[in-house]
$ cat model-v6.pdb   # PDB, C-alpha atoms, pLDDT in the B column
ATOM      1  CA  MET Z   1      54.627 -40.741-136.521  1.00 40.00           C
ATOM      2  CA  GLY Z   2      53.161 -39.216-139.616  1.00 41.00           C
ATOM      3  CA  GLY Z   3      54.271 -39.457-143.165  1.00 41.00           C
ATOM      4  CA  LYS Z   4      53.616 -41.831-145.979  1.00 40.00           C
ATOM      5  CA  LYS Z   5      53.851 -45.399-144.786  1.00 42.00           C
ATOM      6  CA  GLY Z   6      53.542 -47.103-148.167  1.00 42.00           C
ATOM      7  CA  LYS Z   7      52.523 -50.702-148.569  1.00 44.00           C
ATOM      8  CA  SER Z   8      53.078 -52.856-145.529  1.00 43.00           C
ATOM      9  CA  SER Z   9      51.815 -56.190-144.379  1.00 47.00           C
ATOM     10  CA  LYS Z  10      49.968 -56.667-141.147  1.00 50.00           C
ATOM     11  CA  CYS Z  11      51.759 -58.789-138.576  1.00 48.00           C
ATOM     12  CA  GLU Z  12      48.571 -60.493-137.518  1.00 46.00           C
ATOM     13  CA  LYS Z  13      48.135 -62.200-140.903  1.00 43.00           C
ATOM     14  CA  GLN Z  14      48.448 -65.940-140.444  1.00 35.00           C
ATOM     15  CA  ASN Z  15      50.970 -66.330-143.267  1.00 35.00           C
ATOM     16  CA  ASP Z  16      53.419 -64.019-141.501  1.00 36.00           C
ATOM     17  CA  ALA Z  17      54.090 -66.786-138.993  1.00 31.00           C
ATOM     18  CA  PHE Z  18      55.315 -69.115-141.721  1.00 31.00           C
ATOM     19  CA  ALA Z  19      58.118 -67.910-143.931  1.00 31.00           C
ATOM     20  CA  SER Z  20      61.723 -68.709-144.620  1.00 34.00           C
ATOM     21  CA  TYR Z  21      64.180 -68.322-141.792  1.00 37.00           C
ATOM     22  CA  GLU Z  22      67.793 -67.412-142.388  1.00 45.00           C
ATOM     23  CA  ASP Z  23      69.183 -70.333-140.383  1.00 55.00           C
ATOM     24  CA  GLY Z  24      66.910 -72.857-142.083  1.00 58.00           C
ATOM     25  CA  PRO Z  25      63.859 -74.751-140.926  1.00 57.00           C
ATOM     26  CA  ILE Z  26      63.616 -76.666-137.696  1.00 57.00           C
ATOM     27  CA  THR Z  27      63.221 -80.338-138.626  1.00 55.00           C
ATOM     28  CA  VAL Z  28      62.124 -82.862-136.022  1.00 51.00           C
ATOM     29  CA  LEU Z  29      60.540 -85.656-138.023  1.00 48.00           C
ATOM     30  CA  GLU Z  30      62.425 -87.695-140.591  1.00 45.00           C
ATOM     31  CA  GLY Z  31      61.088 -89.765-143.477  1.00 45.00           C
ATOM     32  CA  ASP Z  32      59.257 -89.183-146.743  1.00 46.00           C
ATOM     33  CA  THR Z  33      57.267 -86.191-145.519  1.00 46.00           C
ATOM     34  CA  PRO Z  34      59.159 -84.541-142.662  1.00 62.00           C
ATOM     35  CA  MET Z  35      57.378 -81.731-140.935  1.00 70.00           C
ATOM     36  CA  LYS Z  36      59.244 -78.481-140.629  1.00 73.00           C
ATOM     37  CA  VAL Z  37      58.531 -75.244-138.878  1.00 75.00           C
ATOM     38  CA  THR Z  38      59.952 -72.015-140.182  1.00 80.00           C
ATOM     39  CA  LEU Z  39      60.023 -68.714-138.401  1.00 85.00           C
ATOM     40  CA  ARG Z  40      59.903 -65.059-139.440  1.00 87.00           C
ATOM     41  CA  ILE Z  41      60.745 -62.391-136.934  1.00 91.00           C
ATOM     42  CA  CYS Z  42      59.404 -58.928-137.652  1.00 92.00           C
ATOM     43  CA  LEU Z  43      58.861 -55.768-135.662  1.00 93.00           C
ATOM     44  CA  CYS Z  44      55.549 -53.981-136.179  1.00 93.00           C
ATOM     45  CA  ASP Z  45      54.171 -50.557-135.399  1.00 91.00           C
ATOM     46  CA  GLU Z  46      51.049 -49.922-133.327  1.00 91.00           C
ATOM     47  CA  ALA Z  47      48.837 -50.385-136.404  1.00 91.00           C
ATOM     48  CA  GLY Z  48      50.383 -53.797-137.121  1.00 92.00           C
ATOM     49  CA  GLY Z  49      52.497 -52.681-140.077  1.00 92.00           C
ATOM     50  CA  ARG Z  50      55.817 -54.464-140.409  1.00 93.00           C
ATOM     51  CA  PHE Z  51      58.829 -52.182-140.511  1.00 94.00           C
ATOM     52  CA  PHE Z  52      61.835 -54.244-139.445  1.00 96.00           C
ATOM     53  CA  GLY Z  53      62.793 -57.830-140.057  1.00 95.00           C
ATOM     54  CA  GLU Z  54      65.269 -59.893-142.021  1.00 95.00           C
ATOM     55  CA  GLY Z  55      65.275 -57.601-145.098  1.00 94.00           C
ATOM     56  CA  PRO Z  56      66.070 -54.337-143.321  1.00 96.00           C
ATOM     57  CA  TYR Z  57      68.480 -56.221-141.060  1.00 97.00           C
ATOM     58  CA  ARG Z  58      70.351 -57.579-144.094  1.00 96.00           C
ATOM     59  CA  LEU Z  59      70.483 -54.097-145.626  1.00 97.00           C
ATOM     60  CA  LEU Z  60      72.021 -52.702-142.440  1.00 98.00           C
ATOM     61  CA  LYS Z  61      74.462 -55.634-142.297  1.00 98.00           C
ATOM     62  CA  GLY Z  62      75.441 -54.918-145.915  1.00 97.00           C
ATOM     63  CA  ILE Z  63      76.019 -51.237-145.136  1.00 97.00           C
ATOM     64  CA  GLN Z  64      78.119 -52.249-142.140  1.00 96.00           C
ATOM     65  CA  GLU Z  65      80.246 -54.564-144.317  1.00 96.00           C
ATOM     66  CA  LYS Z  66      80.410 -52.572-147.569  1.00 94.00           C
ATOM     67  CA  GLY Z  67      80.020 -48.980-146.376  1.00 93.00           C
ATOM     68  CA  SER Z  68      77.285 -48.268-148.908  1.00 94.00           C
ATOM     69  CA  LEU Z  69      73.527 -48.681-149.165  1.00 95.00           C
ATOM     70  CA  ARG Z  70      73.862 -48.966-152.936  1.00 93.00           C
ATOM     71  CA  ALA Z  71      76.334 -51.858-152.608  1.00 94.00           C
ATOM     72  CA  ALA Z  72      74.171 -53.558-149.953  1.00 96.00           C
ATOM     73  CA  ALA Z  73      71.090 -53.268-152.160  1.00 96.00           C
ATOM     74  CA  MET Z  74      72.972 -54.553-155.198  1.00 96.00           C
ATOM     75  CA  GLU Z  75      74.212 -57.583-153.253  1.00 96.00           C
ATOM     76  CA  MET Z  76      70.603 -58.379-152.318  1.00 96.00           C
ATOM     77  CA  GLY Z  77      69.413 -57.915-155.912  1.00 96.00           C
ATOM     78  CA  MET Z  78      67.308 -54.940-154.852  1.00 96.00           C
ATOM     79  CA  ALA Z  79      66.918 -51.536-156.466  1.00 97.00           C
ATOM     80  CA  TYR Z  80      68.602 -48.725-154.553  1.00 95.00           C
ATOM     81  CA  SER Z  81      65.331 -46.785-154.418  1.00 96.00           C
ATOM     82  CA  LYS Z  82      63.549 -49.739-152.807  1.00 97.00           C
ATOM     83  CA  ALA Z  83      66.333 -50.237-150.249  1.00 97.00           C
ATOM     84  CA  PHE Z  84      66.321 -46.530-149.459  1.00 96.00           C
ATOM     85  CA  GLY Z  85      62.541 -46.615-148.970  1.00 97.00           C
ATOM     86  CA  ILE Z  86      62.721 -49.656-146.676  1.00 96.00           C
ATOM     87  CA  LEU Z  87      65.275 -48.019-144.406  1.00 97.00           C
ATOM     88  CA  ARG Z  88      63.509 -44.655-144.476  1.00 96.00           C
ATOM     89  CA  SER Z  89      60.241 -46.319-143.440  1.00 95.00           C
ATOM     90  CA  ALA Z  90      61.998 -48.092-140.554  1.00 96.00           C
ATOM     91  CA  GLU Z  91      63.600 -44.811-139.481  1.00 97.00           C
ATOM     92  CA  GLU Z  92      60.241 -43.014-139.514  1.00 95.00           C
ATOM     93  CA  ARG Z  93      58.530 -45.682-137.459  1.00 95.00           C
ATOM     94  CA  LEU Z  94      61.398 -45.950-134.983  1.00 95.00           C
ATOM     95  CA  GLY Z  95      61.908 -42.197-134.794  1.00 95.00           C
ATOM     96  CA  LEU Z  96      65.615 -42.946-135.091  1.00 96.00           C
ATOM     97  CA  PRO Z  97      68.169 -42.448-137.884  1.00 97.00           C
ATOM     98  CA  LEU Z  98      69.777 -45.747-138.896  1.00 98.00           C
ATOM     99  CA  THR Z  99      72.463 -44.481-141.276  1.00 96.00           C
ATOM    100  CA  GLN Z 100      74.638 -41.441-141.785  1.00 94.00           C
ATOM    101  CA  ARG Z 101      75.960 -40.412-145.162  1.00 88.00           C
ATOM    102  CA  LYS Z 102      79.678 -40.006-145.669  1.00 82.00           C
ATOM    103  CA  ILE Z 103      80.535 -37.166-147.993  1.00 77.00           C
ATOM    104  CA  GLY Z 104      82.499 -38.189-151.083  1.00 71.00           C
ATOM    105  CA  GLY Z 105      86.208 -37.782-151.299  1.00 63.00           C
ATOM    106  CA  VAL Z 106      89.068 -39.864-152.618  1.00 65.00           C
ATOM    107  CA  GLY Z 107      87.187 -43.113-151.970  1.00 66.00           C
ATOM    108  CA  GLY Z 108      83.778 -41.609-152.755  1.00 72.00           C
ATOM    109  CA  GLY Z 109      80.798 -41.279-150.457  1.00 76.00           C
ATOM    110  CA  GLY Z 110      78.895 -43.968-148.682  1.00 89.00           C
ATOM    111  CA  SER Z 111      76.969 -44.708-145.514  1.00 93.00           C
ATOM    112  CA  VAL Z 112      77.763 -45.759-141.984  1.00 94.00           C
ATOM    113  CA  LEU Z 113      75.428 -47.110-139.327  1.00 97.00           C
ATOM    114  CA  THR Z 114      74.409 -44.965-136.408  1.00 97.00           C
ATOM    115  CA  PRO Z 115      74.959 -46.265-132.866  1.00 98.00           C
ATOM    116  CA  GLY Z 116      71.175 -46.785-132.654  1.00 97.00           C
ATOM    117  CA  ALA Z 117      71.228 -48.988-135.758  1.00 98.00           C
ATOM    118  CA  GLU Z 118      74.110 -51.042-134.375  1.00 98.00           C
ATOM    119  CA  ASP Z 119      72.255 -51.537-131.087  1.00 98.00           C
ATOM    120  CA  LEU Z 120      69.043 -52.459-132.957  1.00 97.00           C
ATOM    121  CA  MET Z 121      70.954 -55.088-134.938  1.00 97.00           C
ATOM    122  CA  ILE Z 122      72.521 -56.620-131.819  1.00 98.00           C
ATOM    123  CA  ARG Z 123      69.130 -56.797-130.116  1.00 97.00           C
ATOM    124  CA  TYR Z 124      67.451 -58.232-133.247  1.00 97.00           C
ATOM    125  CA  GLU Z 125      70.139 -60.942-133.547  1.00 96.00           C
ATOM    126  CA  ALA Z 126      69.769 -61.896-129.873  1.00 97.00           C
ATOM    127  CA  TYR Z 127      65.966 -61.881-130.055  1.00 96.00           C
ATOM    128  CA  LYS Z 128      66.002 -63.988-133.228  1.00 94.00           C
ATOM    129  CA  ALA Z 129      68.333 -66.543-131.624  1.00 93.00           C
ATOM    130  CA  ALA Z 130      66.159 -66.728-128.494  1.00 95.00           C
ATOM    131  CA  CYS Z 131      63.015 -67.165-130.608  1.00 93.00           C
ATOM    132  CA  ARG Z 132      64.655 -69.934-132.618  1.00 90.00           C
ATOM    133  CA  GLU Z 133      65.722 -71.758-129.444  1.00 91.00           C
ATOM    134  CA  ALA Z 134      62.227 -71.437-127.958  1.00 92.00           C
ATOM    135  CA  ALA Z 135      60.643 -72.573-131.236  1.00 89.00           C
ATOM    136  CA  GLU Z 136      62.907 -75.636-131.391  1.00 86.00           C
ATOM    137  CA  ASN Z 137      62.029 -76.598-127.822  1.00 88.00           C
ATOM    138  CA  LEU Z 138      58.299 -76.051-128.290  1.00 89.00           C
ATOM    139  CA  TYR Z 139      58.262 -77.836-131.631  1.00 85.00           C
ATOM    140  CA  TYR Z 140      60.033 -80.831-130.160  1.00 84.00           C
ATOM    141  CA  ARG Z 141      57.710 -80.886-127.132  1.00 87.00           C
ATOM    142  CA  HIS Z 142      54.545 -80.803-129.224  1.00 85.00           C
ATOM    143  CA  PHE Z 143      55.507 -82.709-132.384  1.00 83.00           C
ATOM    144  CA  SER Z 144      58.363 -85.107-131.618  1.00 80.00           C
ATOM    145  CA  THR Z 145      55.976 -88.042-131.200  1.00 82.00           C
ATOM    146  CA  PHE Z 146      53.509 -87.070-133.926  1.00 82.00           C
ATOM    147  CA  ARG Z 147      53.633 -89.434-136.901  1.00 79.00           C
ATOM    148  CA  PRO Z 148      51.153 -88.822-139.741  1.00 78.00           C
ATOM    149  CA  GLU Z 149      51.403 -92.499-140.789  1.00 79.00           C
ATOM    150  CA  ASP Z 150      49.770 -93.423-137.465  1.00 82.00           C
ATOM    151  CA  TYR Z 151      46.558 -91.964-138.881  1.00 85.00           C
ATOM    152  CA  THR Z 152      46.764 -93.119-142.482  1.00 80.00           C
ATOM    153  CA  GLY Z 153      47.080 -96.860-141.900  1.00 73.00           C
ATOM    154  CA  LYS Z 154      50.375 -96.831-143.803  1.00 65.00           C
ATOM    155  CA  LYS Z 155      52.957 -98.221-141.414  1.00 62.00           C
ATOM    156  CA  GLU Z 156      56.610 -98.405-142.391  1.00 58.00           C
ATOM    157  CA  ASP Z 157      58.169-101.873-142.441  1.00 54.00           C
TER
END

$ encode --input "model-v6.pdb" --output "structure tokens"
Amino acid sequence: MGGKKGKSSKCEKQNDAFASYEDGPITVLEGDTPMKVTLRICLCDEAGGRFFGEGPYRLLKGIQEKGSLRAAAMEMGMAYSKAFGILRSAEERLGLPLTQRKIGGVGGGGSVLTPGAEDLMIRYEAYKAACREAAENLYYRHFSTFRPEDYTGKKED
């Protein structure tokens, strides 16, 4: 898969594991300083470069709802050129077209998702939900009884 890949983060960076999650953080502990875990799901190429995650997913969702990449980008507060580049990069790395242009007419042009893009979105949604469920279970198993105040000498009354 040749071509210009542009700037991309490596999935193995530690910070990639901790970022905002669309459904909100998983909170197990209550009190003044609750601990939270947040999750970012991204797909990476063989070199570790991210090419699909919440941003591209939201762009595709916007195209599905609005029929236009420009409208989807605008709703996200993103320049059209950036949105176009994000989707083009994902298409190159997947080897799969994600959108098809509609030629203008009475209602103007626009974009529609390809069947491959629709399938990718369904699989991403299911994978994200399964990861969230697993993360909630694992977080509860490992941290439900952890109380930082047990180690600081500051016990609540």

$ closest_residue --input "model-v6.pdb" --among "Z:Gly48, Z:Met76, Z:Leu98, Z:His142" --to "Glu118 of chain Z" --atoms "only C-alpha atoms"
Z:Leu98

$ resolve_selection --input "model-v6.pdb" --expression "the PyMOL selection byres ((chain Z and resi 114) around 12)" --output "VMD selection string"
chain Z and resid 60 63 to 64 91 96 to 102 111 to 113 115 to 121

$ atom_distance --input "model-v6.pdb" --atom1 "atom CA of Ser81 of chain Z" --atom2 "atom CA of Arg93 of chain Z"
18.3 Å

$ atom_distance --input "model-v6.pdb" --atom1 "atom CA of Gly95 of chain Z" --atom2 "atom CA of Gly67 of chain Z"
22.5 Å

$ resolve_selection --input "model-v6.pdb" --expression "the PyMOL selection byres ((chain Z and resi 70) around 12)" --output "PyMOL selection string"
chain Z and resi 59-60+62-63+66-69+71-84+101+109-111

$ atom_distance --input "model-v6.pdb" --atom1 "atom CA of Ile122 of chain Z" --atom2 "atom CA of Ile103 of chain Z"
26.5 Å

$ resolve_selection --input "model-v6.pdb" --expression "the PyMOL selection byres ((chain Z and resi 53) around 8)" --output "PyMOL selection string"
chain Z and resi 40-43+50-52+54-57

$ closest_residue --input "model-v6.pdb" --among "Z:Met35, Z:Leu138, Z:Cys44, Z:Ala126" --to "Ala90 of chain Z" --atoms "all atoms listed in the file"
Z:Cys44
